[in-house]
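Novice: My structure is below; once you've seen it, I'll send some questions.
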Amino acid sequence: MRNFIPAKSVQARRTLPETSTRILVVDDSRLQRRLLAGSLKRWGYEVTEAGSAEEALQLCRSEPPDLVLSDWMMPGMNGIEFCRAFRDLSADRFAYFILLTSKREKAEVVAGLHSGADDFLSKPVDGDELRARITAGERIIGIQKELSRSNRLIRETLSELQTLYDSLDKDLLEAKKLQQSLLPERHRVFRGGTLSLMLRSSGHVGGDLVGFFEAGPRKLCLYGIDVSGHGISSALMTARLAGYLSSSAPGQNLALTRDDRGNPVPRPPAQAIQAINELVLNEMDTEHYFTLLLANVDLDTGLVQVAQAGHPHPVIRRRDGKIEQFGTGGFPVGLLSGVSYRQFDIQLQPGDRLLILSDGFTECPDPLGRMLGEDGLARIVASLGDMHDEAFLSGLLWKLSEFSGASDFPDDLSGLMFQRNDPTLGQE
């Protein structure tokens, strides 16, 4: 470097910024380095000098600068080559790079920009212009530092969130296992019928549940529950409700009562739902409500007593293939006190099948957003006539996936199928 001006700006000398910006001056001329460094130190900057690009790179490895002032023409590695090497060295840390040059051609300027330079200063360098360029560079350095701090904070936050997510995911997997344990038997054979059940949550856990319990000699109670919402709170509500319809604690089962001898017998489904409704409103502090279907099955006669509380209508597939859907609808549980529920009977003949399904089936959308509906469900049930028991429920899911065009469903899916057989054949 052969030409550098003396600092002629009195105003520049007079105003010293409060800054800790580290500036690296690179020039093969010791005199020009000292002149430039002297002005920078008077302005309050922390200055380091290097007599070659190779020496500068060594300094950058140990103490990265915030701003670099480098001559273009130097023996060995020139300013352009140094700029490229510097950018490769500090790819994860921004520093402002100014080339000092006497070159004026556009092609040379473009080459400098392509090398990674941020600005140029023509020689001989004017002190006021140098100060202005450095001040502009400091603004960009400040923005980059703030951006780096923000990015670091985001990375740290994302790392913490990932750790939290992994912990929650592990807990949810355990919760899923616990919820699935509420359905200990997926298939059961009785003298007079076979029962198959399925439960598939849209997430880790959900608000659906199906189940059964024996309600005295040759009596079977079936139920389907669909709690509003999804996720953990719905699953907790479902688990609590399962306790009120449990065969392991007949004294707490609201669908059972006692006969004159103190033996458990099924309570009429409409009365049972009414009792559950009042219990939820009086003893559970929750915003959730739920639909419920209760069915008492007489394994000897095939008579089924049913009551609905907003749950989808039961589906009957007769032995001859005829599909029937009927019911009273009813009001969901947990919304209003004093609600009464209606009860109706279904007569099953040997070979008939009773399906209790959640609304995740009828409200499942196709790729255009059109729901399956009751008619679509009837068509699917009719198409699975040759399948029985668990295979039937698996086929139902496969057909639903075919309809929706996806294997993941937007809502929880639960269902059970009871097929009446000749009660004189088979054993429990």
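Going by the structure tokens order, chains are called A, B, ..., each with residues numbered from 1, while ligands are numbered from 1 in the order shown.
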Please extract the residues of region 228-315 of chain A with a backbone DSSP assignment of alpha helix (DSSP H) and present them as a list in words.
Specialist: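 For region 228-315 of chain A, the alpha helix (DSSP H) set is Ile232, Ser233, Ser234, Ala235, Leu236, Met237, Thr238, Ala239, Arg240, Leu241, Ala242, Gly243, Pro269, Ala270, Gln271, Ala272, Ile273, Gln274, Ala275, Ile276, Asn277, Glu278, Leu279, Val280, Leu281, Asn282 and Glu283 of chain A.
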Novice: Skipping near chain neighbours, those fewer than 5 positions away, what residues fall within 9 Å of region 254-258 of chain A using only C-alpha atoms, listed as an MDAnalysis selection string?
Specialist: chainID A and resid 215 221 244:246 263:269 271:273 275:276 294
Novice: For Leu281 (chain A), find every residue with an atom within 9 Å (counting only C-alpha atoms), except residues of its own chain fewer than 3 positions away, and show them as a list in words.
Specialist: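 The neighbour list is Ile276, Asn277, Glu278, Met284, Asp285, Thr286, Val333, Gly334, Leu335, Leu336 and Ser337 of chain A.
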Novice: Save the residues we just selected, C-alpha atoms, as a CSV table (one decimal), in the first residue's frame?
Specialist:
```
chain,number,residue,atom,x,y,z
A,276,ILE,CA,-74.5,-41.1,35.1
A,277,ASN,CA,-75.7,-37.7,33.8
A,278,GLU,CA,-76.5,-36.5,37.3
A,284,MET,CA,-67.2,-33.9,38.2
A,285,ASP,CA,-65.8,-30.4,37.7
A,286,THR,CA,-65.2,-30.6,34.0
A,333,VAL,CA,-74.4,-36.6,29.0
A,334,GLY,CA,-73.0,-33.8,31.2
A,335,LEU,CA,-74.8,-30.8,29.7
A,336,LEU,CA,-78.1,-30.4,31.5
A,337,SER,CA,-79.6,-31.8,34.7
```
Novice: Using only C-alpha atoms, find each residue of region 248-345 of chain A with at least one atom at most 12 Å away from an atom of region 385-393 of chain A; report its shortest atom-to-atom pair and that distance in Å (one decimal), sort the rows by chain and rising residue number, and return the result as a Markdown table.
Specialist:
```
| residue | atom | partner | partner_atom | distance |
| --- | --- | --- | --- | --- |
| A:Ile316 | CA | A:Gly385 | CA | 12.0 |
| A:Arg317 | CA | A:Gly385 | CA | 8.5 |
| A:Arg318 | CA | A:Gly385 | CA | 9.8 |
| A:Arg319 | CA | A:Gly385 | CA | 9.0 |
| A:Asp320 | CA | A:Gly385 | CA | 9.4 |
| A:Gly321 | CA | A:Gly385 | CA | 6.9 |
| A:Lys322 | CA | A:Gly385 | CA | 10.1 |
| A:Ile323 | CA | A:Gly385 | CA | 10.6 |
```
Novice: Could you turn the residues from that selection into a file that holds all heavy atoms, as a tab-separated table (two decimals), in the first residue's frame?
Specialist:
```tsv
chain	number	residue	atom	x	y	z
A	316	ILE	N	-77.49	-52.64	12.65
A	316	ILE	CA	-77.81	-54.07	12.67
A	316	ILE	C	-77.60	-54.63	11.27
A	316	ILE	O	-78.12	-54.08	10.29
A	316	ILE	CB	-79.28	-54.33	13.09
A	316	ILE	CG1	-79.63	-53.55	14.37
A	316	ILE	CG2	-79.52	-55.83	13.27
A	316	ILE	CD1	-78.80	-53.91	15.56
A	317	ARG	N	-76.81	-55.69	11.18
A	317	ARG	CA	-76.70	-56.42	9.92
A	317	ARG	C	-77.36	-57.77	10.13
A	317	ARG	O	-76.87	-58.63	10.86
A	317	ARG	CB	-75.25	-56.60	9.49
A	317	ARG	CG	-75.15	-57.19	8.07
A	317	ARG	CD	-73.73	-57.50	7.67
A	317	ARG	NE	-73.65	-57.83	6.26
A	317	ARG	CZ	-73.96	-58.99	5.71
A	317	ARG	NH1	-74.40	-59.99	6.49
A	317	ARG	NH2	-73.86	-59.20	4.42
A	318	ARG	N	-78.51	-57.90	9.47
A	318	ARG	CA	-79.25	-59.14	9.62
A	318	ARG	C	-78.55	-60.28	8.88
A	318	ARG	O	-77.71	-60.05	8.01
A	318	ARG	CB	-80.67	-58.97	9.08
A	318	ARG	CG	-81.50	-57.90	9.80
A	318	ARG	CD	-81.74	-58.26	11.24
A	318	ARG	NE	-82.58	-57.25	11.93
A	318	ARG	CZ	-82.88	-57.29	13.21
A	318	ARG	NH1	-82.42	-58.28	13.98
A	318	ARG	NH2	-83.63	-56.34	13.75
A	319	ARG	N	-78.94	-61.47	9.27
A	319	ARG	CA	-78.32	-62.65	8.68
A	319	ARG	C	-78.47	-62.68	7.16
A	319	ARG	O	-77.59	-63.16	6.44
A	319	ARG	CB	-78.94	-63.91	9.29
A	319	ARG	CG	-78.31	-65.21	8.82
A	319	ARG	CD	-78.90	-66.38	9.57
A	319	ARG	NE	-78.26	-67.64	9.17
A	319	ARG	CZ	-78.55	-68.82	9.72
A	319	ARG	NH1	-79.49	-68.89	10.68
A	319	ARG	NH2	-77.92	-69.90	9.32
A	320	ASP	N	-79.59	-62.13	6.65
A	320	ASP	CA	-79.83	-62.12	5.20
A	320	ASP	C	-79.14	-60.95	4.49
A	320	ASP	O	-79.31	-60.76	3.29
A	320	ASP	CB	-81.33	-62.09	4.92
A	320	ASP	CG	-82.01	-60.84	5.49
A	320	ASP	OD1	-81.30	-59.96	6.03
A	320	ASP	OD2	-83.25	-60.75	5.39
A	321	GLY	N	-78.35	-60.15	5.23
A	321	GLY	CA	-77.61	-59.04	4.64
A	321	GLY	C	-78.29	-57.70	4.74
A	321	GLY	O	-77.69	-56.66	4.38
A	322	LYS	N	-79.50	-57.65	5.23
A	322	LYS	CA	-80.21	-56.38	5.37
A	322	LYS	C	-79.55	-55.52	6.45
A	322	LYS	O	-79.19	-56.02	7.52
A	322	LYS	CB	-81.68	-56.64	5.72
A	322	LYS	CG	-82.52	-55.37	5.84
A	322	LYS	CD	-83.96	-55.72	6.22
A	322	LYS	CE	-84.80	-54.46	6.37
A	322	LYS	NZ	-86.19	-54.78	6.78
A	323	ILE	N	-79.43	-54.21	6.16
A	323	ILE	CA	-78.81	-53.28	7.10
A	323	ILE	C	-79.90	-52.40	7.71
A	323	ILE	O	-80.71	-51.81	7.00
A	323	ILE	CB	-77.76	-52.39	6.42
A	323	ILE	CG1	-76.72	-53.24	5.68
A	323	ILE	CG2	-77.08	-51.48	7.45
A	323	ILE	CD1	-75.92	-54.16	6.56
```
Novice: I'd like the contact shell of Gly415 (chain A) - 9 Å cut-off, only C-alpha atoms, skipping same-chain residues fewer than 6 positions apart - returned as a list in words.
Specialist: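 Counting only C-alpha atoms, the residues come to Ser196, Leu197, Met198, Leu199, Leu209, Val210, Gly211, Gly224, Leu355, Ile356, Leu357, Ser358 and Leu393 of chain A.
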Novice: List the spatial neighbours of Leu67 (chain A) as an MDAnalysis selection string - criterion: any atom at most 10 Å away, only C-alpha atoms, same-chain residues fewer than 2 positions off excluded.
Specialist: chainID A and resid 21:25 47 64:65 69:70 94:98 134 137:138 141
Novice: Selection from above, N, CA, C and O atoms, as a PDB file, in the first residue's frame, can you write it?
Specialist:
```pdb
ATOM      1  N   THR A  21     -15.617  -2.352  19.413  1.00  0.00           N
ATOM      2  CA  THR A  21     -15.444  -2.978  18.111  1.00  0.00           C
ATOM      3  C   THR A  21     -13.975  -3.272  17.863  1.00  0.00           C
ATOM      4  O   THR A  21     -13.116  -2.402  17.988  1.00  0.00           O
ATOM      5  N   ARG A  22     -13.678  -4.542  17.532  1.00  0.00           N
ATOM      6  CA  ARG A  22     -12.304  -4.948  17.238  1.00  0.00           C
ATOM      7  C   ARG A  22     -12.075  -4.872  15.740  1.00  0.00           C
ATOM      8  O   ARG A  22     -12.790  -5.501  14.961  1.00  0.00           O
ATOM      9  N   ILE A  23     -11.055  -4.100  15.353  1.00  0.00           N
ATOM     10  CA  ILE A  23     -10.744  -3.899  13.931  1.00  0.00           C
ATOM     11  C   ILE A  23      -9.370  -4.481  13.640  1.00  0.00           C
ATOM     12  O   ILE A  23      -8.397  -4.212  14.355  1.00  0.00           O
ATOM     13  N   LEU A  24      -9.303  -5.284  12.581  1.00  0.00           N
ATOM     14  CA  LEU A  24      -8.042  -5.851  12.120  1.00  0.00           C
ATOM     15  C   LEU A  24      -7.592  -5.102  10.868  1.00  0.00           C
ATOM     16  O   LEU A  24      -8.334  -5.030   9.880  1.00  0.00           O
ATOM     17  N   VAL A  25      -6.381  -4.529  10.921  1.00  0.00           N
ATOM     18  CA  VAL A  25      -5.813  -3.803   9.782  1.00  0.00           C
ATOM     19  C   VAL A  25      -4.764  -4.700   9.131  1.00  0.00           C
ATOM     20  O   VAL A  25      -3.824  -5.157   9.795  1.00  0.00           O
ATOM     21  N   VAL A  47      -7.597  -2.104  18.062  1.00  0.00           N
ATOM     22  CA  VAL A  47      -6.977  -2.365  16.761  1.00  0.00           C
ATOM     23  C   VAL A  47      -5.910  -3.447  16.876  1.00  0.00           C
ATOM     24  O   VAL A  47      -5.105  -3.454  17.820  1.00  0.00           O
ATOM     25  N   PRO A  64     -11.191 -13.578  16.618  1.00  0.00           N
ATOM     26  CA  PRO A  64     -11.930 -13.088  15.450  1.00  0.00           C
ATOM     27  C   PRO A  64     -12.257 -11.601  15.587  1.00  0.00           C
ATOM     28  O   PRO A  64     -12.736 -11.164  16.639  1.00  0.00           O
ATOM     29  N   PRO A  65     -12.008 -10.809  14.555  1.00  0.00           N
ATOM     30  CA  PRO A  65     -12.325  -9.379  14.609  1.00  0.00           C
ATOM     31  C   PRO A  65     -13.793  -9.120  14.265  1.00  0.00           C
ATOM     32  O   PRO A  65     -14.491  -9.993  13.755  1.00  0.00           O
ATOM     33  N   LEU A  69     -10.078  -4.229   7.780  1.00  0.00           N
ATOM     34  CA  LEU A  69      -9.622  -3.286   6.751  1.00  0.00           C
ATOM     35  C   LEU A  69      -8.411  -3.914   6.092  1.00  0.00           C
ATOM     36  O   LEU A  69      -7.375  -4.080   6.730  1.00  0.00           O
ATOM     37  N   SER A  70      -8.545  -4.270   4.809  1.00  0.00           N
ATOM     38  CA  SER A  70      -7.455  -4.989   4.150  1.00  0.00           C
ATOM     39  C   SER A  70      -7.107  -4.327   2.826  1.00  0.00           C
ATOM     40  O   SER A  70      -7.991  -3.960   2.041  1.00  0.00           O
ATOM     41  N   PHE A  94     -20.248 -13.407  11.786  1.00  0.00           N
ATOM     42  CA  PHE A  94     -20.174 -12.324  10.807  1.00  0.00           C
ATOM     43  C   PHE A  94     -19.127 -11.296  11.218  1.00  0.00           C
ATOM     44  O   PHE A  94     -18.998 -10.944  12.390  1.00  0.00           O
ATOM     45  N   ALA A  95     -18.365 -10.803  10.227  1.00  0.00           N
ATOM     46  CA  ALA A  95     -17.465  -9.665  10.395  1.00  0.00           C
ATOM     47  C   ALA A  95     -17.548  -8.817   9.124  1.00  0.00           C
ATOM     48  O   ALA A  95     -17.690  -9.347   8.018  1.00  0.00           O
ATOM     49  N   TYR A  96     -17.486  -7.514   9.287  1.00  0.00           N
ATOM     50  CA  TYR A  96     -17.599  -6.589   8.154  1.00  0.00           C
ATOM     51  C   TYR A  96     -16.219  -6.459   7.503  1.00  0.00           C
ATOM     52  O   TYR A  96     -15.206  -6.269   8.189  1.00  0.00           O
ATOM     53  N   PHE A  97     -16.169  -6.567   6.176  1.00  0.00           N
ATOM     54  CA  PHE A  97     -14.895  -6.600   5.456  1.00  0.00           C
ATOM     55  C   PHE A  97     -14.852  -5.445   4.456  1.00  0.00           C
ATOM     56  O   PHE A  97     -15.701  -5.343   3.567  1.00  0.00           O
ATOM     57  N   ILE A  98     -13.835  -4.565   4.631  1.00  0.00           N
ATOM     58  CA  ILE A  98     -13.648  -3.417   3.729  1.00  0.00           C
ATOM     59  C   ILE A  98     -12.318  -3.570   3.008  1.00  0.00           C
ATOM     60  O   ILE A  98     -11.268  -3.745   3.644  1.00  0.00           O
ATOM     61  N   ILE A 134     -16.947   2.904   8.447  1.00  0.00           N
ATOM     62  CA  ILE A 134     -16.851   2.064   9.638  1.00  0.00           C
ATOM     63  C   ILE A 134     -18.139   2.161  10.458  1.00  0.00           C
ATOM     64  O   ILE A 134     -18.645   1.157  10.973  1.00  0.00           O
ATOM     65  N   GLY A 137     -20.661   0.108   8.862  1.00  0.00           N
ATOM     66  CA  GLY A 137     -20.352  -1.297   9.123  1.00  0.00           C
ATOM     67  C   GLY A 137     -20.747  -1.718  10.527  1.00  0.00           C
ATOM     68  O   GLY A 137     -21.228  -2.833  10.748  1.00  0.00           O
ATOM     69  N   GLU A 138     -20.545  -0.806  11.498  1.00  0.00           N
ATOM     70  CA  GLU A 138     -20.908  -1.122  12.885  1.00  0.00           C
ATOM     71  C   GLU A 138     -22.417  -1.350  13.036  1.00  0.00           C
ATOM     72  O   GLU A 138     -22.843  -2.193  13.826  1.00  0.00           O
ATOM     73  N   ILE A 141     -22.933  -4.762  11.816  1.00  0.00           N
ATOM     74  CA  ILE A 141     -22.375  -5.702  12.802  1.00  0.00           C
ATOM     75  C   ILE A 141     -23.326  -5.849  13.989  1.00  0.00           C
ATOM     76  O   ILE A 141     -23.577  -6.959  14.483  1.00  0.00           O
TER      77      ILE A 141
END
```
Novice: Find the distance between CA of Cys60 (chain A) and CA of Leu113 (chain A) and write it in Å to one decimal.
Specialist: 20.5 Å
Novice: Need the shell around Phe82 (chain A): protein/DNA/RNA residues with any atom at most 10 Å away, counting only C-alpha atoms. Skip same-chain ones fewer than 2 positions apart. Format as a list in words?
Specialist: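 Near Phe82 (chain A), the qualifying residues are Val26, Ser52, Ala53, Glu54, Ala56, Leu57, Ser70, Asp71, Trp72, Met74, Gly76, Met77, Asn78, Gly79, Ile80, Arg84, Ala85, Phe86, Arg87, Asp88, Ser115 and Gly116 of chain A.
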Novice: When DSSP is applied to the backbone of this structure, which of region 241-305 of chain A are assigned strand (DSSP E)? Write them out as a PyMOL selection string.
Specialist: chain A and resi 256-258+264-266+290-298+303-305
Novice: Counting only C-alpha atoms, figure out which residue out of A:Pro350, A:Ser233, A:Asn253, A:Leu396 gets nearest to Leu384 (chain A).
Specialist: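 Looking at the shortest contact to Leu384 (chain A), the residue is A:Leu396.
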Novice: Go ahead and compute the interatomic distance for CA of Ser414 (chain A) and CA of Ala235 (chain A), in Å to one decimal.
Specialist: 13.2 Å
Novice: Hey, which of A:Asp259, A:Leu416, A:Pro367, A:Phe212 ends up closest to Val315 (chain A)? Count only C-alpha atoms.
Specialist: A:Leu416
